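my_file.cif follows (mmCIF, C-alpha atoms):
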data_entry
loop_
_atom_site.label_atom_id
_atom_site.label_comp_id
_atom_site.auth_asym_id
_atom_site.auth_seq_id
_atom_site.Cartn_x
_atom_site.Cartn_y
_atom_site.Cartn_z
CA MET A 1 4.33 221.94 31.98
CA ASN A 2 7.61 221.70 30.12
CA ARG A 3 9.91 218.82 30.79
CA THR A 4 13.51 218.00 30.08
CA ILE A 5 14.19 215.00 27.89
CA ARG A 6 17.41 213.25 27.00
CA LEU A 7 17.82 211.51 23.71
CA ALA A 8 20.56 210.72 21.22
CA VAL A 9 20.09 211.97 17.68
CA ASN A 10 22.51 210.65 15.08
CA GLY A 11 24.84 209.59 17.88
CA ARG A 12 24.85 212.98 19.63
CA GLU A 13 23.39 213.24 23.12
CA HIS A 14 20.91 216.04 23.68
CA SER A 15 19.18 217.31 26.78
CA LEU A 16 16.28 219.55 25.79
CA GLU A 17 13.43 221.26 27.55
CA VAL A 18 10.27 220.63 25.54
CA GLU A 19 6.56 221.21 25.68
CA PRO A 20 4.82 217.85 26.17
CA ARG A 21 2.70 218.40 23.07
CA LEU A 22 5.75 218.84 20.79
CA LEU A 23 6.00 216.19 18.08
CA LEU A 24 9.33 214.51 17.40
CA ALA A 25 9.24 215.75 13.79
CA HIS A 26 9.10 219.36 15.00
CA LEU A 27 11.81 218.79 17.58
CA LEU A 28 14.13 217.48 14.88
CA ARG A 29 13.38 220.23 12.38
CA ASP A 30 12.83 223.31 14.55
CA ARG A 31 15.04 222.67 17.57
CA LEU A 32 17.88 220.62 16.09
CA ASP A 33 17.80 222.07 12.54
CA LEU A 34 17.67 218.59 11.05
CA THR A 35 15.40 219.61 8.19
CA GLY A 36 16.06 216.46 6.18
CA THR A 37 13.09 214.96 8.01
CA HIS A 38 10.13 216.26 6.01
CA ILE A 39 6.59 216.83 7.18
CA GLY A 40 4.03 215.96 4.55
CA CYS A 41 0.59 215.09 5.83
CA GLU A 42 0.66 214.95 9.64
CA THR A 43 -1.90 212.18 9.40
CA SER A 44 0.52 209.27 9.53
CA LEU A 45 -0.11 208.55 5.87
CA CYS A 46 2.68 209.87 3.64
CA GLY A 47 5.78 208.62 5.48
CA ALA A 48 7.96 211.63 4.57
CA CYS A 49 8.74 212.13 8.28
CA THR A 50 10.04 208.58 8.83
CA VAL A 51 13.05 208.30 11.14
CA LEU A 52 14.56 205.39 13.05
CA VAL A 53 13.93 205.13 16.78
CA ASP A 54 16.09 202.43 18.32
CA GLY A 55 16.60 201.12 14.79
CA ARG A 56 12.92 200.84 13.90
CA ALA A 57 11.22 203.02 11.30
CA VAL A 58 8.54 205.25 12.81
CA LYS A 59 6.59 208.27 11.61
CA SER A 60 7.91 211.18 13.63
CA CYS A 61 4.69 213.17 13.05
CA THR A 62 2.81 210.69 15.25
CA LEU A 63 5.28 210.49 18.10
CA LEU A 64 5.62 213.00 20.89
CA ALA A 65 9.16 214.16 21.52
CA VAL A 66 8.81 213.09 25.16
CA GLN A 67 8.11 209.54 23.94
CA ALA A 68 11.65 209.48 22.53
CA GLU A 69 13.09 209.94 26.04
CA GLY A 70 16.20 207.77 26.37
CA ARG A 71 16.02 206.55 22.76
CA GLN A 72 18.45 206.56 19.84
CA VAL A 73 17.03 208.52 16.92
CA THR A 74 18.54 208.37 13.43
CA THR A 75 17.58 210.81 10.70
CA ILE A 76 18.60 210.98 7.05
CA GLU A 77 21.50 213.24 8.06
CA GLY A 78 22.78 210.57 10.45
CA LEU A 79 22.69 207.95 7.75
CA ALA A 80 25.20 209.90 5.68
CA GLU A 81 27.43 210.65 8.65
CA GLY A 82 27.24 207.03 9.73
CA ALA A 83 28.96 205.94 6.56
CA GLY A 84 31.76 208.48 6.94
CA THR A 85 32.00 212.21 6.31
CA GLU A 86 31.21 213.31 2.75
CA GLN A 87 30.37 209.70 2.06
CA LEU A 88 26.77 208.90 1.24
CA HIS A 89 25.14 205.76 2.54
CA PRO A 90 24.72 203.08 -0.17
CA LEU A 91 20.95 203.69 -0.09
CA GLN A 92 21.49 207.40 -0.77
CA GLU A 93 23.95 206.58 -3.56
CA ALA A 94 21.48 204.14 -5.07
CA PHE A 95 18.58 206.62 -5.05
CA TRP A 96 20.88 209.04 -6.87
CA ASN A 97 22.22 206.54 -9.37
CA GLU A 98 18.88 204.90 -10.16
CA HIS A 99 16.94 208.19 -10.30
CA GLY A 100 14.78 207.10 -7.37
CA LEU A 101 13.53 210.63 -6.91
CA GLN A 102 12.22 213.62 -8.79
CA CYS A 103 11.12 216.38 -6.42
CA GLY A 104 12.80 214.62 -3.51
CA PHE A 105 10.20 215.39 -0.87
CA CYS A 106 9.46 211.75 -0.06
CA THR A 107 13.08 210.62 -0.40
CA PRO A 108 14.32 210.88 3.22
CA GLY A 109 11.33 208.88 4.45
CA MET A 110 11.69 206.34 1.65
CA ILE A 111 15.35 205.83 2.49
CA MET A 112 14.78 205.49 6.24
CA THR A 113 12.03 202.93 5.72
CA ALA A 114 14.15 201.07 3.17
CA HIS A 115 16.98 201.09 5.70
CA GLN A 116 14.92 199.12 8.20
CA LEU A 117 13.70 196.83 5.43
CA LEU A 118 17.27 195.94 4.39
CA GLU A 119 18.47 195.55 7.98
CA GLU A 120 15.94 192.77 8.40
CA ASN A 121 15.91 191.35 4.91
CA PRO A 122 19.21 191.91 3.03
CA GLU A 123 17.85 190.33 -0.15
CA PRO A 124 14.23 191.38 -0.54
CA SER A 125 12.16 190.46 -3.58
CA GLU A 126 10.45 193.20 -5.56
CA ASP A 127 7.17 192.32 -3.84
CA GLU A 128 8.78 192.54 -0.42
CA ILE A 129 10.22 195.97 -1.25
CA ARG A 130 6.85 197.21 -2.46
CA HIS A 131 5.12 195.85 0.65
CA GLY A 132 7.81 197.34 2.88
CA LEU A 133 7.38 200.79 1.34
CA GLU A 134 3.57 200.83 1.46
CA GLY A 135 3.72 203.44 4.21
CA ASN A 136 5.56 205.94 2.01
CA LEU A 137 3.87 207.88 -0.74
CA CYS A 138 5.63 209.30 -3.80
CA ARG A 139 3.72 211.38 -6.31
CA CYS A 140 6.48 211.78 -8.88
CA THR A 141 8.30 208.60 -9.71
CA GLY A 142 5.66 205.92 -10.06
CA TYR A 143 7.83 203.91 -7.64
CA GLN A 144 9.67 201.88 -10.31
CA ASN A 145 13.00 203.61 -9.82
CA ILE A 146 12.57 203.61 -6.07
CA VAL A 147 12.25 199.83 -6.12
CA ARG A 148 15.30 199.62 -8.40
CA ALA A 149 17.26 201.87 -6.06
CA VAL A 150 16.47 199.65 -3.07
CA GLN A 151 17.44 196.55 -5.05
CA SER A 152 20.69 198.21 -6.11
CA ALA A 153 21.50 199.31 -2.55
CA ALA A 154 20.72 195.82 -1.27
CA ALA A 155 23.22 194.33 -3.73
CA GLU A 156 25.84 196.94 -2.77
CA LEU A 157 25.33 196.30 0.96
CA ARG A 158 25.65 192.54 0.39
CA GLY A 159 28.96 193.26 -1.30
CA GLY A 160 27.67 192.47 -4.80
CA MET B 1 -1.28 219.25 28.80
CA SER B 2 1.03 216.96 30.66
CA VAL B 3 2.59 213.62 29.86
CA LEU B 4 3.57 211.37 32.72
CA LEU B 5 6.27 208.82 32.04
CA PRO B 6 6.19 205.99 34.60
CA ALA B 7 9.21 203.69 34.62
CA SER B 8 7.49 200.59 36.04
CA LEU B 9 4.08 198.95 35.98
CA ALA B 10 3.62 199.55 39.72
CA GLU B 11 4.29 203.25 39.22
CA ALA B 12 1.95 203.37 36.21
CA LEU B 13 -0.90 201.74 38.14
CA GLU B 14 -0.43 204.00 41.17
CA THR B 15 -0.36 207.08 38.97
CA LEU B 16 -3.51 205.98 37.20
CA ALA B 17 -5.26 205.15 40.49
CA ALA B 18 -4.50 208.66 41.74
CA ASP B 19 -5.87 210.24 38.54
CA PRO B 20 -8.14 207.96 36.50
CA ASP B 21 -8.75 210.78 34.02
CA LEU B 22 -5.28 210.22 32.58
CA VAL B 23 -5.32 208.81 29.05
CA PRO B 24 -3.02 205.79 28.84
CA MET B 25 -0.93 205.82 25.68
CA ALA B 26 1.22 203.09 24.15
CA GLY B 27 2.32 203.67 20.54
CA GLY B 28 0.05 206.68 20.10
CA THR B 29 -0.51 205.74 16.46
CA ASP B 30 -4.20 206.61 16.66
CA LEU B 31 -4.21 209.27 19.39
CA LEU B 32 -1.63 211.42 17.62
CA VAL B 33 -2.96 211.39 14.06
CA HIS B 34 -3.48 214.99 12.90
CA TRP B 35 -2.21 216.09 16.32
CA PRO B 36 -1.38 219.76 15.58
CA GLN B 37 -4.99 220.36 14.44
CA HIS B 38 -6.63 218.50 17.35
CA THR B 39 -5.90 221.19 19.90
CA GLU B 40 -8.69 219.98 22.20
CA LEU B 41 -6.59 216.85 22.81
CA HIS B 42 -3.72 219.06 23.99
CA GLU B 43 -5.79 219.95 27.07
CA ARG B 44 -5.73 216.40 28.39
CA SER B 45 -3.13 214.57 30.45
CA TYR B 46 -1.52 211.38 29.26
CA LEU B 47 0.13 208.39 30.84
CA ASP B 48 2.77 207.36 28.34
CA LEU B 49 3.74 203.73 28.89
CA SER B 50 6.80 203.73 26.58
CA GLY B 51 9.18 203.36 29.51
CA VAL B 52 7.41 200.41 31.16
CA GLU B 53 9.72 197.83 29.64
CA GLU B 54 8.20 194.92 31.59
CA LEU B 55 5.03 195.27 29.48
CA ARG B 56 6.86 194.87 26.18
CA PRO B 57 7.90 191.21 25.83
CA HIS B 58 5.60 188.43 24.71
CA ARG B 59 6.16 184.81 25.71
CA TRP B 60 5.13 181.32 24.69
CA GLU B 61 3.75 179.15 27.49
CA THR B 62 2.86 175.46 27.12
CA ASP B 63 -0.74 176.18 26.25
CA GLU B 64 -0.86 179.86 25.36
CA LEU B 65 0.86 182.81 23.78
CA VAL B 66 0.91 185.76 26.17
CA LEU B 67 1.21 189.20 24.58
CA GLY B 68 2.44 192.01 26.81
CA GLY B 69 0.52 195.24 27.18
CA LEU B 70 3.06 196.98 24.94
CA THR B 71 3.80 194.14 22.50
CA THR B 72 3.69 195.65 19.02
CA TYR B 73 2.51 194.20 15.73
CA TRP B 74 6.12 194.17 14.59
CA ASP B 75 7.22 192.12 17.63
CA ILE B 76 4.87 189.38 16.44
CA ILE B 77 5.72 189.75 12.74
CA GLU B 78 9.34 189.10 13.74
CA ASP B 79 8.41 185.90 15.63
CA GLN B 80 8.57 182.86 13.34
CA ARG B 81 6.53 180.76 15.80
CA ALA B 82 3.59 183.09 15.32
CA TRP B 83 3.80 182.58 11.52
CA ASN B 84 3.63 178.82 12.07
CA GLU B 85 1.09 178.56 14.86
CA LEU B 86 -1.16 181.61 14.85
CA PRO B 87 -0.84 182.91 11.29
CA LEU B 88 -3.91 185.15 11.49
CA LEU B 89 -1.97 187.37 13.90
CA ILE B 90 0.57 187.87 11.11
CA ASP B 91 -2.07 188.39 8.42
CA ALA B 92 -3.73 191.10 10.48
CA ALA B 93 -0.52 192.72 11.74
CA ARG B 94 0.86 193.09 8.22
CA GLN B 95 -2.29 194.92 7.13
CA VAL B 96 -2.36 197.42 9.97
CA GLY B 97 -1.26 200.74 8.48
CA SER B 98 2.31 200.31 7.30
CA ILE B 99 5.64 199.19 8.71
CA GLN B 100 6.11 202.47 10.59
CA ILE B 101 2.76 201.97 12.32
CA GLN B 102 3.34 198.27 12.92
CA THR B 103 6.56 199.10 14.80
CA ARG B 104 4.73 201.46 17.19
CA GLY B 105 1.16 200.15 17.41
CA SER B 106 0.37 197.65 20.12
CA TRP B 107 -2.20 194.84 20.27
CA ALA B 108 -3.48 196.09 23.63
CA GLY B 109 -3.78 199.62 22.24
CA ASN B 110 -5.84 198.26 19.37
CA ILE B 111 -8.18 196.58 21.87
CA VAL B 112 -8.74 199.59 24.16
CA ASN B 113 -8.87 202.11 21.32
CA ALA B 114 -12.04 200.12 20.58
CA SER B 115 -12.44 201.14 16.96
CA PRO B 116 -15.15 199.05 15.23
CA ALA B 117 -12.66 198.83 12.35
CA ALA B 118 -9.74 197.54 14.47
CA ASP B 119 -7.81 194.89 12.50
CA GLY B 120 -5.97 193.30 15.41
CA VAL B 121 -9.13 192.58 17.38
CA PRO B 122 -10.99 190.17 15.01
CA VAL B 123 -8.11 187.70 14.82
CA LEU B 124 -7.51 187.80 18.59
CA MET B 125 -11.24 187.23 19.14
CA ALA B 126 -11.31 184.36 16.63
CA TYR B 127 -8.49 182.79 18.68
CA ASP B 128 -10.54 183.20 21.93
CA ALA B 129 -8.07 185.69 23.45
CA VAL B 130 -8.53 186.82 27.03
CA VAL B 131 -7.80 190.40 28.14
CA VAL B 132 -5.88 190.73 31.42
CA LEU B 133 -6.56 193.99 33.28
CA GLU B 134 -4.60 195.26 36.27
CA SER B 135 -5.05 198.09 38.71
CA THR B 136 -3.90 198.76 42.26
CA ARG B 137 -7.11 196.93 43.24
CA GLY B 138 -5.95 193.71 41.67
CA ARG B 139 -6.10 191.72 38.46
CA SER B 140 -9.04 190.51 36.40
CA GLU B 141 -9.53 188.64 33.15
CA VAL B 142 -12.23 189.20 30.54
CA PRO B 143 -12.74 187.16 27.37
CA LEU B 144 -12.22 189.53 24.45
CA SER B 145 -15.53 188.37 22.93
CA GLY B 146 -17.31 189.83 25.97
CA PHE B 147 -15.10 192.89 26.41
CA TYR B 148 -17.20 195.41 24.47
CA SER B 149 -20.73 196.52 25.27
CA GLY B 150 -21.24 199.42 22.82
CA TYR B 151 -19.40 201.91 20.65
CA LYS B 152 -16.14 202.60 22.51
CA GLU B 153 -17.70 201.05 25.63
CA MET B 154 -15.79 198.26 27.28
CA ARG B 155 -15.20 196.39 30.51
CA ARG B 156 -12.15 198.41 31.48
CA SER B 157 -12.35 200.73 34.46
CA PRO B 158 -10.49 204.04 34.15
CA ASP B 159 -7.87 202.92 36.68
CA GLU B 160 -7.08 199.69 34.83
CA LEU B 161 -4.42 198.93 32.23
CA VAL B 162 -4.35 195.99 29.83
CA THR B 163 -1.19 194.22 30.95
CA GLU B 164 -1.50 190.96 29.03
CA ILE B 165 -3.48 189.31 26.27
CA ARG B 166 -3.67 185.53 26.61
CA VAL B 167 -4.08 183.63 23.36
CA PRO B 168 -4.74 179.87 23.69
CA ARG B 169 -2.54 177.55 21.60
CA ARG B 170 -4.86 175.16 19.78
CA ALA B 171 -4.77 173.13 16.60
CA TYR B 172 -6.82 174.86 13.91
CA ASP B 173 -7.97 173.36 10.62
CA VAL B 174 -9.55 176.58 9.39
CA GLN B 175 -7.91 180.00 9.76
CA ILE B 176 -9.10 182.86 7.56
CA PHE B 177 -8.68 186.62 7.75
CA GLU B 178 -10.06 188.99 5.16
CA LYS B 179 -9.76 192.76 5.10
CA VAL B 180 -11.51 194.87 2.49
CA GLY B 181 -10.23 198.43 2.23
CA GLN B 182 -9.64 201.15 -0.32
CA ARG B 183 -6.08 199.90 -0.81
CA ARG B 184 -3.96 197.18 0.75
CA ALA B 185 -1.95 199.42 3.04
CA GLN B 186 -2.92 202.32 5.27
CA ALA B 187 -6.61 201.89 4.65
CA ILE B 188 -9.29 201.68 7.30
CA THR B 189 -11.35 198.53 6.89
CA LYS B 190 -14.73 198.75 5.14
CA VAL B 191 -15.57 195.20 6.11
CA GLY B 192 -13.42 192.46 7.60
CA VAL B 193 -13.82 188.97 8.95
CA ALA B 194 -11.81 186.34 10.80
CA VAL B 195 -12.84 182.68 10.87
CA THR B 196 -11.32 179.78 12.79
CA ARG B 197 -12.27 176.18 13.51
CA SER B 198 -10.73 174.07 16.27
CA ASP B 199 -11.91 171.52 18.85
CA ALA B 200 -13.59 174.48 20.52
CA GLY B 201 -15.79 174.95 17.43
CA TRP B 202 -16.28 177.63 14.81
CA ARG B 203 -15.51 181.27 15.48
CA VAL B 204 -16.66 183.96 13.07
CA VAL B 205 -15.71 187.53 13.98
CA ALA B 206 -16.53 190.60 11.89
CA ASN B 207 -15.26 194.16 12.02
CA SER B 208 -16.53 197.47 10.62
CA VAL B 209 -20.11 196.16 10.56
CA ALA B 210 -21.28 196.93 14.11
CA PRO B 211 -20.56 199.44 16.90
CA PHE B 212 -17.75 197.13 18.02
CA VAL B 213 -15.86 194.11 16.71
CA CYS B 214 -18.09 191.13 17.46
CA ARG B 215 -18.64 187.43 17.03
CA CYS B 216 -21.39 186.31 14.68
CA PRO B 217 -23.30 183.62 16.60
CA ALA B 218 -26.00 183.07 13.94
CA VAL B 219 -23.37 182.45 11.24
CA GLU B 220 -21.43 180.22 13.64
CA ARG B 221 -24.65 178.19 14.20
CA ILE B 222 -25.03 177.61 10.46
CA LEU B 223 -21.48 176.25 10.35
CA GLU B 224 -21.83 174.13 13.51
CA GLN B 225 -25.13 172.62 12.35
CA GLY B 226 -24.08 172.12 8.75
CA THR B 227 -27.10 174.03 7.44
CA GLU B 228 -27.22 173.99 3.66
CA VAL B 229 -25.93 177.20 2.04
CA ARG B 230 -26.41 177.40 -1.74
CA GLY B 231 -25.13 180.89 -2.32
CA SER B 232 -23.90 183.93 -0.48
CA ASP B 233 -27.44 185.33 -0.20
CA ASP B 234 -28.38 182.37 2.01
CA LEU B 235 -26.04 183.81 4.65
CA LEU B 236 -27.69 187.25 4.69
CA PRO B 237 -30.47 186.49 7.24
CA ALA B 238 -27.89 185.21 9.74
CA ILE B 239 -25.57 188.16 9.03
CA ARG B 240 -28.46 190.59 9.62
CA GLU B 241 -29.10 188.88 12.95
CA ASP B 242 -25.46 189.27 13.95
CA VAL B 243 -24.37 192.70 12.74
CA THR B 244 -25.74 196.20 12.16
CA PRO B 245 -23.62 197.91 9.48
CA ILE B 246 -24.10 201.59 8.71
CA ASP B 247 -23.53 203.97 5.80
CA ASP B 248 -20.50 206.14 6.44
CA ILE B 249 -17.64 207.91 4.66
CA ARG B 250 -15.98 204.61 3.73
CA SER B 251 -18.87 202.45 2.56
CA THR B 252 -22.57 201.62 2.76
CA ALA B 253 -24.49 199.20 4.94
CA GLU B 254 -25.71 197.30 1.89
CA TYR B 255 -22.20 196.86 0.49
CA ARG B 256 -20.86 195.72 3.84
CA GLU B 257 -23.58 193.07 4.29
CA LYS B 258 -23.20 191.72 0.78
CA VAL B 259 -19.42 191.65 0.83
CA LEU B 260 -19.35 189.96 4.23
CA ALA B 261 -21.70 187.29 2.90
CA ARG B 262 -19.60 186.78 -0.24
CA LEU B 263 -16.31 186.64 1.64
CA LEU B 264 -17.70 183.99 3.97
CA TYR B 265 -19.34 182.00 1.19
CA HIS B 266 -16.35 181.91 -1.13
CA ASP B 267 -13.80 181.28 1.63
CA LEU B 268 -15.83 178.41 3.10
CA LEU B 269 -17.10 176.84 -0.13
CA ASP B 270 -14.27 174.31 -0.35
CA LEU B 271 -14.13 173.72 3.40
CA CYS B 272 -17.78 173.06 4.25
CA PRO B 273 -19.67 170.17 2.60
CA SER B 274 -22.94 171.98 3.37
CA PHE B 275 -21.88 174.87 1.11
CA GLY B 276 -22.65 174.31 -2.54
#

Could you render the structure as structure tokens?
Amino acid sequence: MNRTIRLAVNGREHSLEVEPRLLLAHLLRDRLDLTGTHIGCETSLCGACTVLVDGRAVKSCTLLAVQAEGRQVTTIEGLAEGAGTEQLHPLQEAFWNEHGLQCGFCTPGMIMTAHQLLEENPEPSEDEIRHGLEGNLCRCTGYQNIVRAVQSAAAELRGG
Amino acid sequence: MSVLLPASLAEALETLAADPDLVPMAGGTDLLVHWPQHTELHERSYLDLSGVEELRPHRWETDELVLGGLTTYWDIIEDQRAWNELPLLIDAARQVGSIQIQTRGSWAGNIVNASPAADGVPVLMAYDAVVVLESTRGRSEVPLSGFYSGYKEMRRSPDELVTEIRVPRRAYDVQIFEKVGQRRAQAITKVGVAVTRSDAGWRVVANSVAPFVCRCPAVERILEQGTEVRGSDDLLPAIREDVTPIDDIRSTAEYREKVLARLLYHDLLDLCPSFG
């Protein structure tokens, strides 16, 4: 039995009729064309599908779309828009500048998780960054540049 | 498949009373893993509790911490009082999956999901937590240590929801939590143990070594009585009395027994004069 859900994605209100079994990741990609949210493993392991729901990082492959009823969802696309048109978010800039990616598949999830991390801890240590990103797998970079990118973004966001 | 979305606890309990076959769902972090492939699960009907806001908050009373039925691991990680007073809750919460799972997963969900490898359950049990169940028939309380009776079998009727978890506030002089897994994050426990000592005595709780998370009364007796323990092997007879580990995809029974004995021995060596 389909049902209609209301949710805000990147600040835009949507009212959508969905199948109850539809995952949020598929709603974002297939219905709203927000393909920046990647689907890697569908086993809640790789973190590529991470988005923010009411400001908290969640894996959108293990959340039904109907569970996002009434919530505010932010995807990687919303992060860029949030900082102004054509203007990347400092985390996106930092991943670019510090070469925090190679193939880029894990990058949206890495950035969304790092976003929550920095919201709660504006000056994380290297250990805290590594612990915070444990739910996101990268098979290219070896993580060093990802950690550097988060440190660089943290400094930028603190005004350093 | 259908998903019902009650907006209040009263509505949730009435809906469940009318159809006890509904599967209650909180964070869904376990139910929804590999969801597109598990098509048999798409045939069921679910009671999603996301909208029951009254179940979300936790509160500190004079003599207990009360977790709500939807309180997440992250809610507790964010609470500095929990770091100070009940640090094992933090130790366990930070090792459940990863941040994205900690923000969704709930303590009550961990209890009723009833995995033998649950990481939230051992620490709650070592703190003598009590499970509060509610249905339209009324409210009941069950000590977590007596909640399970077999693999995925528990003292929860199909029309009941876990609405609270009551954790006594006591002074502890021993608080230990150990999790052994393939890696630190996002790994299912091969063997785990929580140990506490307070005025109420020793509590030793093990996970991944029995059909359900359980206390280890024979090991607790050794600690209460101050029986001499000269090496980790001396703990094995008591461990074999308390738990029944198996060989499975993650580990072997022999490894689990030995590692449990060594964790206990090395963690308690400096704390127990009878250990030498």

Could the residues of chain B that have an atom at most 8 Å from chain A be listed as a Markdown table, each with its closest atom pair and the distance in Å to one decimal, counting all atoms listed in the file and ordered by chain and ascending residue number?
| residue | atom | partner | partner_atom | distance |
| --- | --- | --- | --- | --- |
| B:Met1 | CA | A:Pro20 | CA | 6.8 |
| B:Ser2 | CA | A:Pro20 | CA | 5.9 |
| B:Val3 | CA | A:Pro20 | CA | 6.0 |
| B:Gly27 | CA | A:Leu63 | CA | 7.8 |
| B:Gly28 | CA | A:Leu63 | CA | 6.8 |
| B:Thr29 | CA | A:Thr62 | CA | 6.1 |
| B:Leu32 | CA | A:Thr62 | CA | 5.1 |
| B:Val33 | CA | A:Thr43 | CA | 4.8 |
| B:His34 | CA | A:Thr43 | CA | 4.8 |
| B:Trp35 | CA | A:Glu42 | CA | 7.4 |
| B:Pro36 | CA | A:Glu42 | CA | 7.9 |
| B:His42 | CA | A:Arg21 | CA | 6.5 |
| B:Asp48 | CA | A:Gln67 | CA | 7.3 |
| B:Ser50 | CA | A:Gln67 | CA | 6.5 |
| B:Gly97 | CA | A:Gly135 | CA | 7.1 |
| B:Ser98 | CA | A:Gly135 | CA | 4.6 |
| B:Ile99 | CA | A:Gly135 | CA | 6.5 |
| B:Gln100 | CA | A:Val58 | CA | 4.3 |
| B:Ile101 | CA | A:Val58 | CA | 6.7 |
| B:Thr103 | CA | A:Arg56 | CA | 6.7 |
| B:Arg104 | CA | A:Val58 | CA | 6.9 |
| B:Ala185 | CA | A:Glu134 | CA | 5.9 |
| B:Gln186 | CA | A:Gly135 | CA | 6.8 |

On this structure, which residues satisfy the PyMOL selection byres ((chain B and resi 244-257) around 6), written as a VMD selection string? chain B and resid 191 209 to 210 243 258 to 260

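Going from CA of Ala94 in chain A over to CA of Val150 in chain A, you cover 7.0 Å.
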
Evaluating the PyMOL selection byres ((chain B and resi 177-181) around 9) on the displayed file yields which residues, as a PyMOL selection string? chain B and resi 88+91-92+95+119+122-123+175-176+182-196+207+250+259+263

Would you save the residues of that selection, restricted to C-alpha atoms, as a PDB file, in the coordinates of the input?
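File result35.pdb, as written:
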ATOM      1  CA  LEU B  88      -3.910 185.150  11.490  1.00  0.00           C
ATOM      2  CA  ASP B  91      -2.070 188.390   8.420  1.00  0.00           C
ATOM      3  CA  ALA B  92      -3.730 191.100  10.480  1.00  0.00           C
ATOM      4  CA  GLN B  95      -2.290 194.920   7.130  1.00  0.00           C
ATOM      5  CA  ASP B 119      -7.810 194.890  12.500  1.00  0.00           C
ATOM      6  CA  PRO B 122     -10.990 190.170  15.010  1.00  0.00           C
ATOM      7  CA  VAL B 123      -8.110 187.700  14.820  1.00  0.00           C
ATOM      8  CA  GLN B 175      -7.910 180.000   9.760  1.00  0.00           C
ATOM      9  CA  ILE B 176      -9.100 182.860   7.560  1.00  0.00           C
ATOM     10  CA  GLN B 182      -9.640 201.150  -0.320  1.00  0.00           C
ATOM     11  CA  ARG B 183      -6.080 199.900  -0.810  1.00  0.00           C
ATOM     12  CA  ARG B 184      -3.960 197.180   0.750  1.00  0.00           C
ATOM     13  CA  ALA B 185      -1.950 199.420   3.040  1.00  0.00           C
ATOM     14  CA  GLN B 186      -2.920 202.320   5.270  1.00  0.00           C
ATOM     15  CA  ALA B 187      -6.610 201.890   4.650  1.00  0.00           C
ATOM     16  CA  ILE B 188      -9.290 201.680   7.300  1.00  0.00           C
ATOM     17  CA  THR B 189     -11.350 198.530   6.890  1.00  0.00           C
ATOM     18  CA  LYS B 190     -14.730 198.750   5.140  1.00  0.00           C
ATOM     19  CA  VAL B 191     -15.570 195.200   6.110  1.00  0.00           C
ATOM     20  CA  GLY B 192     -13.420 192.460   7.600  1.00  0.00           C
ATOM     21  CA  VAL B 193     -13.820 188.970   8.950  1.00  0.00           C
ATOM     22  CA  ALA B 194     -11.810 186.340  10.800  1.00  0.00           C
ATOM     23  CA  VAL B 195     -12.840 182.680  10.870  1.00  0.00           C
ATOM     24  CA  THR B 196     -11.320 179.780  12.790  1.00  0.00           C
ATOM     25  CA  ASN B 207     -15.260 194.160  12.020  1.00  0.00           C
ATOM     26  CA  ARG B 250     -15.980 204.610   3.730  1.00  0.00           C
ATOM     27  CA  VAL B 259     -19.420 191.650   0.830  1.00  0.00           C
ATOM     28  CA  LEU B 263     -16.310 186.640   1.640  1.00  0.00           C
TER      29      LEU B 263
END

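Applied to this file, the PyMOL selection byres ((chain B and resi 60) around 10) selects the residues B:His58, B:Arg59, B:Glu61, B:Thr62, B:Asp63, B:Glu64, B:Leu65, B:Val66, B:Leu67, B:Arg81, B:Ala82, B:Arg166, B:Val167, B:Arg169.
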
CA of Gly142 in chain A to CA of Asn121 in chain A, distance in Å rounded to a single decimal: 23.3 Å

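One finds CA of Cys214 in chain B at 10.4 Å from CA of Gly150 in chain B.
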
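The nearest approach to Trp74 in chain B among the residues B:Phe275, B:Trp202, B:Tyr127, B:Trp107, with all atoms listed in the file taken into account, belongs to B:Trp107.
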
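The nearest approach to Thr107 in chain A among the residues A:Leu28, A:Leu88, A:Ile146, A:Leu79, with all atoms listed in the file taken into account, belongs to A:Ile146.
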
Leaving out Leu16 in chain A and any residue of its chain fewer than 5 positions from it, which residues lie within 10 Å of it when counting only C-alpha atoms, given as a PyMOL selection string? chain A and resi 2-7+27+31-32+65-66
